[in-house]
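Data file: work-v2.cif. Format and content: mmCIF, C-alpha atoms and all ligand atoms.
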```
data_my_file
loop_
_atom_site.label_atom_id
_atom_site.label_comp_id
_atom_site.auth_asym_id
_atom_site.auth_seq_id
_atom_site.Cartn_x
_atom_site.Cartn_y
_atom_site.Cartn_z
CA MET R 902 -20.22 56.48 -56.09
CA THR R 903 -19.59 60.22 -56.56
CA PRO R 904 -17.36 61.63 -53.82
CA GLY R 905 -18.97 63.46 -50.94
CA LYS R 906 -18.47 67.05 -49.91
CA VAL R 907 -16.05 68.23 -47.24
CA TRP R 908 -17.37 71.03 -45.03
CA PHE R 909 -15.05 73.27 -43.02
CA VAL R 910 -17.31 74.20 -40.13
CA GLY R 911 -16.64 76.87 -37.54
CA ALA R 912 -17.32 75.25 -34.17
CA GLY R 913 -17.40 78.62 -32.43
CA PRO R 914 -15.24 79.57 -29.46
CA GLY R 915 -16.10 76.69 -27.10
CA ASP R 916 -19.67 76.80 -25.83
CA PRO R 917 -21.43 74.10 -27.92
CA GLU R 918 -24.47 76.38 -28.22
CA LEU R 919 -22.39 78.89 -30.14
CA ILE R 920 -22.11 76.75 -33.27
CA THR R 921 -24.37 77.98 -36.09
CA VAL R 922 -27.63 76.17 -36.89
CA LYS R 923 -26.13 75.26 -40.27
CA GLY R 924 -22.94 73.89 -38.67
CA ARG R 925 -24.94 71.80 -36.23
CA GLY R 926 -27.08 70.44 -39.07
CA LEU R 927 -23.97 69.31 -40.93
CA LEU R 928 -22.59 67.57 -37.81
CA GLU R 929 -25.93 65.81 -37.39
CA ARG R 930 -25.73 64.30 -40.86
CA ALA R 931 -21.96 63.80 -41.07
CA GLY R 932 -20.51 60.39 -41.94
CA ALA R 933 -17.09 61.46 -40.65
CA ILE R 934 -15.84 64.34 -38.48
CA LEU R 935 -12.25 65.44 -38.03
CA TYR R 936 -11.96 67.96 -35.23
CA ALA R 937 -9.08 70.14 -34.08
CA GLY R 938 -8.88 68.62 -30.62
CA SER R 939 -6.36 71.06 -29.20
CA LEU R 940 -8.86 73.91 -29.48
CA VAL R 941 -12.36 72.63 -30.26
CA SER R 942 -14.35 71.70 -27.19
CA GLU R 943 -15.30 68.01 -27.37
CA ALA R 944 -18.71 69.04 -26.11
CA VAL R 945 -19.50 70.24 -29.66
CA LEU R 946 -19.31 66.60 -30.79
CA ARG R 947 -22.56 65.92 -28.95
CA TRP R 948 -24.31 66.66 -32.28
CA ALA R 949 -22.49 63.83 -34.09
CA PRO R 950 -24.84 60.96 -35.08
CA GLU R 951 -24.37 57.42 -33.86
CA GLY R 952 -21.94 55.45 -35.99
CA CYS R 953 -20.21 58.58 -37.30
CA GLU R 954 -16.43 58.25 -37.64
CA VAL R 955 -14.84 60.83 -35.32
CA ALA R 956 -11.12 61.60 -35.14
CA ASP R 957 -8.94 64.21 -33.44
CA SER R 958 -6.39 65.93 -35.67
CA ARG R 959 -4.24 67.09 -32.73
CA GLY R 960 -1.19 64.99 -33.66
CA MET R 961 -1.68 65.00 -37.44
CA THR R 962 0.38 66.77 -40.13
CA LEU R 963 -1.30 68.72 -42.91
CA GLU R 964 -0.86 65.78 -45.34
CA GLU R 965 -2.43 63.40 -42.83
CA ILE R 966 -5.38 65.75 -42.32
CA THR R 967 -6.08 66.27 -46.01
CA GLY R 968 -5.49 62.55 -46.74
CA TRP R 969 -8.02 61.64 -44.02
CA LEU R 970 -10.61 64.05 -45.43
CA ILE R 971 -10.10 62.88 -49.03
CA ARG R 972 -10.42 59.19 -48.08
CA ARG R 973 -13.57 59.82 -46.03
CA ALA R 974 -15.10 61.84 -48.88
CA SER R 975 -14.92 58.72 -51.06
CA ARG R 976 -17.07 56.85 -48.51
CA HIS R 977 -19.43 59.48 -47.07
CA GLU R 978 -21.71 62.10 -48.55
CA THR R 979 -20.92 64.61 -45.79
CA VAL R 980 -17.52 64.97 -44.17
CA VAL R 981 -16.89 67.71 -41.59
CA ARG R 982 -13.62 69.36 -40.67
CA LEU R 983 -14.50 71.07 -37.38
CA GLN R 984 -12.42 74.17 -36.74
CA THR R 985 -12.21 76.47 -33.77
CA GLY R 986 -13.97 79.85 -33.91
CA ASP R 987 -14.28 80.97 -37.51
CA PRO R 988 -12.43 78.85 -40.11
CA THR R 989 -11.22 81.88 -42.08
CA LEU R 990 -9.04 83.18 -39.24
CA TYR R 991 -5.70 81.44 -38.54
CA GLY R 992 -7.22 78.15 -39.61
CA ALA R 993 -4.85 76.94 -42.38
CA LEU R 994 -7.94 76.88 -44.59
CA ILE R 995 -6.25 77.41 -47.94
CA GLU R 996 -3.60 74.77 -47.19
CA MET R 997 -6.40 72.26 -46.62
CA LEU R 998 -8.57 73.38 -49.54
CA ARG R 999 -5.88 73.12 -52.20
CA PRO R 1000 -5.30 69.34 -51.93
CA LEU R 1001 -9.09 68.84 -51.97
CA ASP R 1002 -9.32 70.97 -55.13
CA ALA R 1003 -6.52 68.91 -56.68
CA ALA R 1004 -8.39 65.70 -55.82
CA GLY R 1005 -11.60 67.09 -57.36
CA ILE R 1006 -13.49 67.09 -54.07
CA GLU R 1007 -16.11 69.72 -53.45
CA ALA R 1008 -15.68 71.85 -50.34
CA GLY R 1009 -17.87 74.24 -48.37
CA VAL R 1010 -17.13 76.65 -45.54
CA VAL R 1011 -19.52 77.51 -42.70
CA PRO R 1012 -18.56 80.55 -40.64
CA GLY R 1013 -18.33 80.46 -36.88
CA VAL R 1014 -18.30 82.84 -33.92
CA SER R 1015 -14.70 83.93 -33.57
CA SER R 1016 -12.99 84.04 -30.20
CA ALA R 1017 -12.48 87.79 -30.72
CA MET R 1018 -16.23 88.36 -30.55
CA ALA R 1019 -16.76 85.77 -27.82
CA SER R 1020 -14.08 87.41 -25.66
CA ALA R 1021 -15.65 90.86 -25.98
CA ALA R 1022 -19.04 89.35 -25.15
CA ALA R 1023 -17.66 87.49 -22.12
CA ALA R 1024 -16.40 90.76 -20.68
CA ARG R 1025 -19.52 92.74 -21.73
CA GLU R 1026 -17.36 95.02 -23.83
CA THR R 1027 -17.87 96.56 -27.25
CA LEU R 1028 -15.24 96.56 -29.98
CA THR R 1029 -16.54 99.76 -31.60
CA LEU R 1030 -17.76 102.89 -29.84
CA PRO R 1031 -19.09 106.07 -31.50
CA GLU R 1032 -16.45 108.76 -31.85
CA VAL R 1033 -13.92 106.65 -29.94
CA THR R 1034 -13.09 103.86 -32.36
CA GLN R 1035 -14.91 102.57 -35.43
CA THR R 1036 -12.27 100.07 -36.51
CA VAL R 1037 -11.18 96.63 -35.33
CA ILE R 1038 -7.89 95.04 -36.33
CA LEU R 1039 -7.65 91.27 -35.98
CA THR R 1040 -3.99 90.39 -35.85
CA ARG R 1041 -1.23 88.54 -34.07
CA VAL R 1042 2.26 89.40 -32.91
CA GLU R 1043 5.30 88.06 -34.70
CA GLY R 1044 6.54 84.91 -33.04
CA ARG R 1045 7.73 81.93 -35.06
CA THR R 1046 5.38 83.00 -37.87
CA PRO R 1047 6.79 86.11 -39.56
CA MET R 1048 4.51 89.11 -40.14
CA PRO R 1049 4.20 90.53 -43.66
CA GLU R 1050 5.67 93.98 -44.32
CA GLY R 1051 3.63 96.85 -42.91
CA GLU R 1052 1.86 94.62 -40.39
CA SER R 1053 4.12 94.89 -37.36
CA LEU R 1054 2.13 95.56 -34.20
CA GLU R 1055 3.80 98.93 -33.81
CA GLU R 1056 2.60 100.01 -37.26
CA LEU R 1057 -0.93 98.68 -36.77
CA ALA R 1058 -1.19 100.15 -33.27
CA ARG R 1059 -0.61 103.67 -34.62
CA HIS R 1060 -4.27 103.66 -35.67
CA HIS R 1061 -5.28 103.68 -31.97
CA CYS R 1062 -8.31 101.58 -32.79
CA THR R 1063 -9.38 98.25 -31.25
CA LEU R 1064 -6.77 95.50 -31.55
CA CYS R 1065 -7.70 91.84 -31.10
CA LEU R 1066 -4.53 89.82 -30.73
CA PHE R 1067 -4.68 86.11 -31.48
CA LEU R 1068 -1.95 83.56 -30.73
CA SER R 1069 0.06 86.08 -28.73
CA ILE R 1070 -0.47 85.45 -25.02
CA THR R 1071 3.18 84.47 -24.49
CA LEU R 1072 4.28 87.74 -26.12
CA LEU R 1073 2.85 90.32 -23.70
CA LYS R 1074 6.26 91.93 -23.18
CA LYS R 1075 6.62 92.51 -26.92
CA ILE R 1076 3.05 93.84 -27.08
CA ARG R 1077 3.74 96.41 -24.38
CA GLU R 1078 6.90 97.60 -26.14
CA ALA R 1079 5.18 97.88 -29.53
CA LEU R 1080 2.19 99.77 -28.15
CA LEU R 1081 4.33 102.19 -26.15
CA ALA R 1082 6.40 102.84 -29.28
CA ALA R 1083 3.13 103.54 -31.15
CA GLY R 1084 2.12 106.18 -28.59
CA TRP R 1085 -0.23 104.24 -26.28
CA SER R 1086 0.20 104.96 -22.58
CA GLU R 1087 1.20 102.53 -19.83
CA ASP R 1088 -2.22 102.91 -18.19
CA CYS R 1089 -4.29 102.01 -21.26
CA PRO R 1090 -6.72 99.19 -20.47
CA VAL R 1091 -6.06 95.64 -21.67
CA LEU R 1092 -8.46 92.71 -21.55
CA VAL R 1093 -7.39 89.06 -21.64
CA VAL R 1094 -9.92 86.27 -21.92
CA GLN R 1095 -8.88 82.64 -21.73
CA LYS R 1096 -11.20 79.96 -23.07
CA ALA R 1097 -13.96 82.47 -23.76
CA SER R 1098 -17.39 80.80 -23.52
CA TRP R 1099 -16.04 77.37 -22.41
CA PRO R 1100 -18.51 76.32 -19.72
CA GLY R 1101 -16.80 76.52 -16.33
CA GLU R 1102 -13.35 77.28 -17.77
CA GLU R 1103 -13.48 80.89 -18.91
CA LYS R 1104 -11.08 83.33 -17.23
CA ILE R 1105 -11.28 87.10 -17.60
CA VAL R 1106 -8.35 89.28 -16.60
CA ARG R 1107 -8.31 93.05 -16.83
CA GLY R 1108 -5.30 95.27 -16.42
CA THR R 1109 -3.21 97.92 -18.11
CA LEU R 1110 -0.28 97.73 -20.49
CA ALA R 1111 1.93 98.13 -17.42
CA ASP R 1112 0.58 95.24 -15.36
CA ILE R 1113 -1.32 92.79 -17.61
CA ARG R 1114 1.67 90.44 -17.90
CA GLU R 1115 1.90 90.03 -14.13
CA ARG R 1116 -1.85 89.63 -13.82
CA CYS R 1117 -1.92 86.87 -16.45
CA LYS R 1118 0.98 85.13 -14.75
CA ALA R 1119 -0.87 85.28 -11.43
CA SER R 1120 -3.96 83.77 -13.10
CA ARG R 1121 -1.79 81.12 -14.82
CA ILE R 1122 -2.89 82.11 -18.30
CA HIS R 1123 -0.37 80.82 -20.84
CA SER R 1124 -2.48 79.65 -23.78
CA GLN R 1125 -5.86 79.82 -25.55
CA ALA R 1126 -6.32 83.46 -24.70
CA MET R 1127 -7.45 86.54 -26.60
CA ILE R 1128 -5.86 89.91 -25.89
CA ILE R 1129 -7.97 93.00 -26.58
CA VAL R 1130 -6.50 96.47 -26.39
CA SER R 1131 -8.95 99.23 -27.17
CA PRO R 1132 -9.89 102.80 -26.28
CA ALA R 1133 -13.44 101.43 -26.01
CA LEU R 1134 -12.66 99.13 -23.06
CA GLY R 1135 -14.37 100.07 -19.83
CA ALA R 1136 -16.83 102.44 -21.53
CA ARG R 1137 -19.71 101.16 -19.41
CA GLY R 1138 -18.19 102.71 -16.33
CA ARG R 1139 -17.42 106.12 -17.87
CA LYS R 1140 -19.36 109.24 -16.87
CA GLU R 1141 -20.34 110.02 -20.43
CA VAL R 1142 -20.25 108.23 -23.76
CA LYS R 1143 -21.23 109.47 -27.18
CA THR R 1144 -24.31 107.71 -28.44
CA SER R 1145 -24.86 106.07 -31.78
CA LYS R 1146 -26.75 108.01 -34.47
CA LEU R 1147 -28.73 104.87 -35.21
CA TYR R 1148 -30.96 105.29 -32.15
CA ASP R 1149 -30.76 109.08 -31.91
CA LYS R 1150 -34.28 110.54 -32.04
CA ARG R 1151 -32.99 113.51 -34.08
CA PHE R 1152 -31.56 111.29 -36.76
CA SER R 1153 -33.68 110.07 -39.70
CA HIS R 1154 -32.96 106.88 -41.52
CA ARG R 1155 -34.70 104.43 -43.82
CA PHE R 1156 -36.81 102.90 -41.03
CA ARG R 1157 -37.54 105.89 -38.81
CA LYS R 1158 -38.21 109.59 -39.18
CA ALA R 1159 -36.44 112.02 -36.88
CA ILE R 1160 -38.42 113.64 -34.07
CA ALA R 1161 -37.28 117.20 -33.41
CA ALA R 1162 -36.13 117.76 -29.84
CA LYS R 1163 -37.81 120.56 -27.81
CA GLY R 1164 -36.83 123.96 -29.14
CA GLU R 1165 -35.43 122.50 -32.35
CA THR R 1166 -36.84 122.42 -35.85
CA SER R 1167 -36.24 119.30 -37.81
N1 LIG P 1 -10.23 80.57 -35.87
C1 LIG P 1 -10.10 80.92 -34.47
C2 LIG P 1 -8.67 81.33 -34.12
C3 LIG P 1 -7.68 80.20 -34.20
S1 LIG P 1 -6.08 80.65 -33.74
C4 LIG P 1 -11.13 82.01 -34.11
O1 LIG P 1 -11.81 82.53 -35.00
O2 LIG P 1 -11.27 82.30 -32.93
C5 LIG P 1 -6.04 80.21 -32.04
C6 LIG P 1 -6.04 81.46 -31.17
O3 LIG P 1 -7.38 81.93 -31.08
C7 LIG P 1 -5.62 81.21 -29.73
O4 LIG P 1 -4.22 81.34 -29.57
C8 LIG P 1 -6.33 82.34 -29.00
O5 LIG P 1 -5.64 83.56 -29.19
C9 LIG P 1 -7.63 82.42 -29.78
N2 LIG P 1 -8.70 81.61 -29.18
C10 LIG P 1 -9.30 80.51 -29.71
N3 LIG P 1 -10.32 80.10 -28.93
C11 LIG P 1 -10.37 80.96 -27.88
C12 LIG P 1 -11.23 81.11 -26.76
N4 LIG P 1 -12.25 80.29 -26.55
N5 LIG P 1 -10.98 82.14 -25.89
C13 LIG P 1 -9.98 83.01 -26.11
N6 LIG P 1 -9.16 82.92 -27.16
C14 LIG P 1 -9.34 81.92 -28.02
#
```
Take the structure in this file and express it as structure tokens.
Ligand code: SAH
Amino acid sequence: MTPGKVWFVGAGPGDPELITVKGRGLLERAGAILYAGSLVSEAVLRWAPEGCEVADSRGMTLEEITGWLIRRASRHETVVRLQTGDPTLYGALIEMLRPLDAAGIEAGVVPGVSSAMASAAAARETLTLPEVTQTVILTRVEGRTPMPEGESLEELARHHCTLCLFLSITLLKKIREALLAAGWSEDCPVLVVQKASWPGEEKIVRGTLADIRERCKASRIHSQAMIIVSPALGARGRKEVKTSKLYDKRFSHRFRKAIAAKGETS
């Protein structure tokens, strides 16, 4: 029998309805599923067919994970590695793909809704805002994993754009210091979302650089949380915001011709 294909599928941030249609289809026809139990909501496994082999990789090493996938690919046409959020972000994807390549096993990747987007959505915030910030940096703060040169938070924060900080909820003190050093003020808004989109478990905490650490402590948030720092936070409540050209009636584009405002010629 020719070996099957291993699919790295983004499970989305937690809500089982946030998996893609393609990801769900692969789960429905999978012969074996290995899911990252520490982060993927087990509720997503509701799409697994009867008789499908399901295992949690929580206590496995990289070699055990890739060995499991390779062995299952010799028995099943479709094997799924279910990853949290999007598999291309902090998902050890390359480390898992290389042994599969070496074993001659075909692999596919299905994107997922990242927790960065799910956290912004949970708080009804936008990550980009016209004339305020048009850039989003997805990053983390140096902990046990070293950051490459030029990617310290202080350096990245100098752009004053939106920062989505993964894997960094225990490092709020460091974040405050780096942002202050980069010229942000103590009263700049910070959003923390724990377990974004997990039914009944999501927590949203808002604060400033000065008090977010205390607020998270009070809400007992120590893990599985996204930190968003952005000049766009809280825009809904502001007196005035600049609007996007896309919907501006005086702005022509491929799908709509501009209408001149009163007293103006187009
Ligand atoms: N690939 C994932 C990220 C994995 S790294 C993605 O695209 O979202 C794990 C980190 O992601 C956690 O430390 C936390 O910062 C963030 N995270 C994952 N799921 C989350 C969720 N539901 N809510 C908030 N943050 C989450």
Output as lines of an AutoDock Vina configuration file the centre and edge lengths (Å, one decimal) of the box along x, y and z of the file that holds every listed atom of ligand LIG 1 (chain P) after adding 4 Å on each side.
```
center_x = -8.2
center_y = 81.8
center_z = -30.9
size_x = 16.0
size_y = 11.5
size_z = 18.0
```
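You can rank R:Asp987, R:Glu954, R:Glu943, R:Asp1002 by their closest distance to ligand LIG 1 (chain P) using all atoms listed in the file, and at the top of that list sits R:Asp987.
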Proximity of chain R to ligand LIG 1 (chain P): per-residue shortest pair, 10 Å limit, only C-alpha atoms and all ligand atoms, as a tab-separated table:
```
residue	atom	partner	partner_atom	distance
R:Gly911	CA	P:LIG1	N1	7.6
R:Ala912	CA	P:LIG1	N1	9.0
R:Gly913	CA	P:LIG1	O2	7.2
R:Pro914	CA	P:LIG1	N4	4.2
R:Gly915	CA	P:LIG1	N4	5.3
R:Asp916	CA	P:LIG1	N4	8.2
R:Ser939	CA	P:LIG1	C5	9.6
R:Leu940	CA	P:LIG1	N3	6.4
R:Val941	CA	P:LIG1	N3	7.9
R:Ser942	CA	P:LIG1	N4	8.9
R:Gln984	CA	P:LIG1	N1	6.8
R:Thr985	CA	P:LIG1	C1	5.0
R:Gly986	CA	P:LIG1	C4	3.6
R:Asp987	CA	P:LIG1	O1	3.9
R:Pro988	CA	P:LIG1	N1	5.1
R:Thr989	CA	P:LIG1	N1	6.4
R:Leu990	CA	P:LIG1	N1	4.4
R:Tyr991	CA	P:LIG1	S1	4.9
R:Gly992	CA	P:LIG1	N1	5.4
R:Ala993	CA	P:LIG1	N1	9.2
R:Leu994	CA	P:LIG1	N1	9.7
R:Pro1012	CA	P:LIG1	O1	9.0
R:Gly1013	CA	P:LIG1	O1	7.1
R:Val1014	CA	P:LIG1	O1	6.6
R:Ser1015	CA	P:LIG1	O1	3.5
R:Ser1016	CA	P:LIG1	O2	3.7
R:Ala1017	CA	P:LIG1	O2	6.0
R:Met1018	CA	P:LIG1	O2	8.2
R:Ala1019	CA	P:LIG1	N5	7.1
R:Ser1020	CA	P:LIG1	C13	6.0
R:Ala1021	CA	P:LIG1	C13	9.7
R:Ala1023	CA	P:LIG1	N5	9.4
R:Leu1039	CA	P:LIG1	O1	9.7
R:Thr1040	CA	P:LIG1	O5	9.7
R:Arg1041	CA	P:LIG1	O5	8.3
R:Cys1065	CA	P:LIG1	O5	8.7
R:Leu1066	CA	P:LIG1	O5	6.5
R:Phe1067	CA	P:LIG1	O5	3.6
R:Leu1068	CA	P:LIG1	O4	3.4
R:Ser1069	CA	P:LIG1	O5	6.2
R:Ile1070	CA	P:LIG1	O5	6.9
R:Thr1071	CA	P:LIG1	O4	9.5
R:Val1093	CA	P:LIG1	C13	8.0
R:Val1094	CA	P:LIG1	C13	5.3
R:Gln1095	CA	P:LIG1	C13	4.5
R:Lys1096	CA	P:LIG1	N5	3.6
R:Ala1097	CA	P:LIG1	N5	3.7
R:Ser1098	CA	P:LIG1	N4	6.0
R:Trp1099	CA	P:LIG1	N4	6.3
R:Glu1102	CA	P:LIG1	N4	9.3
R:Glu1103	CA	P:LIG1	N5	7.5
R:Lys1104	CA	P:LIG1	N5	8.7
R:Ile1105	CA	P:LIG1	C13	9.5
R:His1123	CA	P:LIG1	O4	9.6
R:Ser1124	CA	P:LIG1	O4	6.3
R:Gln1125	CA	P:LIG1	C8	4.3
R:Ala1126	CA	P:LIG1	N6	3.8
R:Met1127	CA	P:LIG1	N6	4.0
R:Ile1128	CA	P:LIG1	O5	7.2
```
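Reported to one decimal place, the separation of CA of Thr1027 in chain R from CA of Phe1156 in chain R is 24.3 Å.
Taking only C-alpha atoms into account, the protein, DNA and RNA residues within 9 Å of (-19.3, 109.9, -26.2) read Leu1030, Pro1031, Glu1032, Val1033, Glu1141, Val1142, Lys1143, Thr1144 and Ser1145 of chain R.
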Could you save those same residues with C-alpha atoms as a PDB file, in the frame of the given file?
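Okay, this is what ended up in result_21.pdb:
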```pdb
ATOM      1  CA  LEU R1030     -17.760 102.890 -29.840  1.00  0.00           C
ATOM      2  CA  PRO R1031     -19.090 106.070 -31.500  1.00  0.00           C
ATOM      3  CA  GLU R1032     -16.450 108.760 -31.850  1.00  0.00           C
ATOM      4  CA  VAL R1033     -13.920 106.650 -29.940  1.00  0.00           C
ATOM      5  CA  GLU R1141     -20.340 110.020 -20.430  1.00  0.00           C
ATOM      6  CA  VAL R1142     -20.250 108.230 -23.760  1.00  0.00           C
ATOM      7  CA  LYS R1143     -21.230 109.470 -27.180  1.00  0.00           C
ATOM      8  CA  THR R1144     -24.310 107.710 -28.440  1.00  0.00           C
ATOM      9  CA  SER R1145     -24.860 106.070 -31.780  1.00  0.00           C
TER      10      SER R1145
END
```
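We find CA of Thr1036 in chain R and CA of Val1011 in chain R to be spaced 24.5 Å apart.
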Residues near His1061 in chain R, cut-off 8 Å, all atoms listed in the file, skip fewer than 5 positions along chain, as a ChimeraX atom specification:
/R:1034,1085,1131-1132
C-alpha atoms of the current selection, written as a CSV table (one decimal), in the frame of the given file:
```
chain,number,residue,atom,x,y,z
R,1034,THR,CA,-13.1,103.9,-32.4
R,1085,TRP,CA,-0.2,104.2,-26.3
R,1131,SER,CA,-9.0,99.2,-27.2
R,1132,PRO,CA,-9.9,102.8,-26.3
```
Residue among R:Leu1073, R:Val980, R:Val1091, R:Val1130 lying closest to Val1042 in chain R, counting all atoms listed in the file
R:Leu1073
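CA of Cys953 in chain R sits 14.6 Å away from CA of Arg972 in chain R.
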With all atoms listed in the file as the counted atoms, please give the residues lying no more than 12 Å from Ala1003 in chain R, apart from itself and same-chain residues fewer than 5 positions off, as a PyMOL selection string.
chain R and resi 967-968+971+996-998+1008
From the list R:Cys1089, R:Ile1160, R:Leu1054, R:Leu970, which residue is nearest Trp908 in chain R when using only C-alpha atoms?
R:Leu970
Taking all atoms listed in the file into account, which of R:Trp969, R:Trp948, R:Tyr936, R:Phe1152 comes nearest Pro1000 in chain R?
R:Trp969
Give me the residues within 10 Å of Thr903 in chain R as number ranges by chain, counting only C-alpha atoms and dropping any in the same chain fewer than 2 places off.
R: 905-906, 974-978, 1006
At a cut-off of 6 Å, using only C-alpha atoms, what residues contact Leu935 in chain R? Leave out same-chain residues fewer than 5 positions from it and give the result as an MDAnalysis selection string.
chainID R and resid 955:957 982
Could you check the closest approach to Ile1038 in chain R for each of R:Thr1063, R:Thr921, R:Ser1120, R:Ser1053 and tell me which residue wins, using only C-alpha atoms?
R:Thr1063
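Counting only C-alpha atoms, the residue from R:Ala1024, R:Met1048, R:Val945, R:Ile1122 that sits nearest to Arg1107 in chain R is R:Ala1024.
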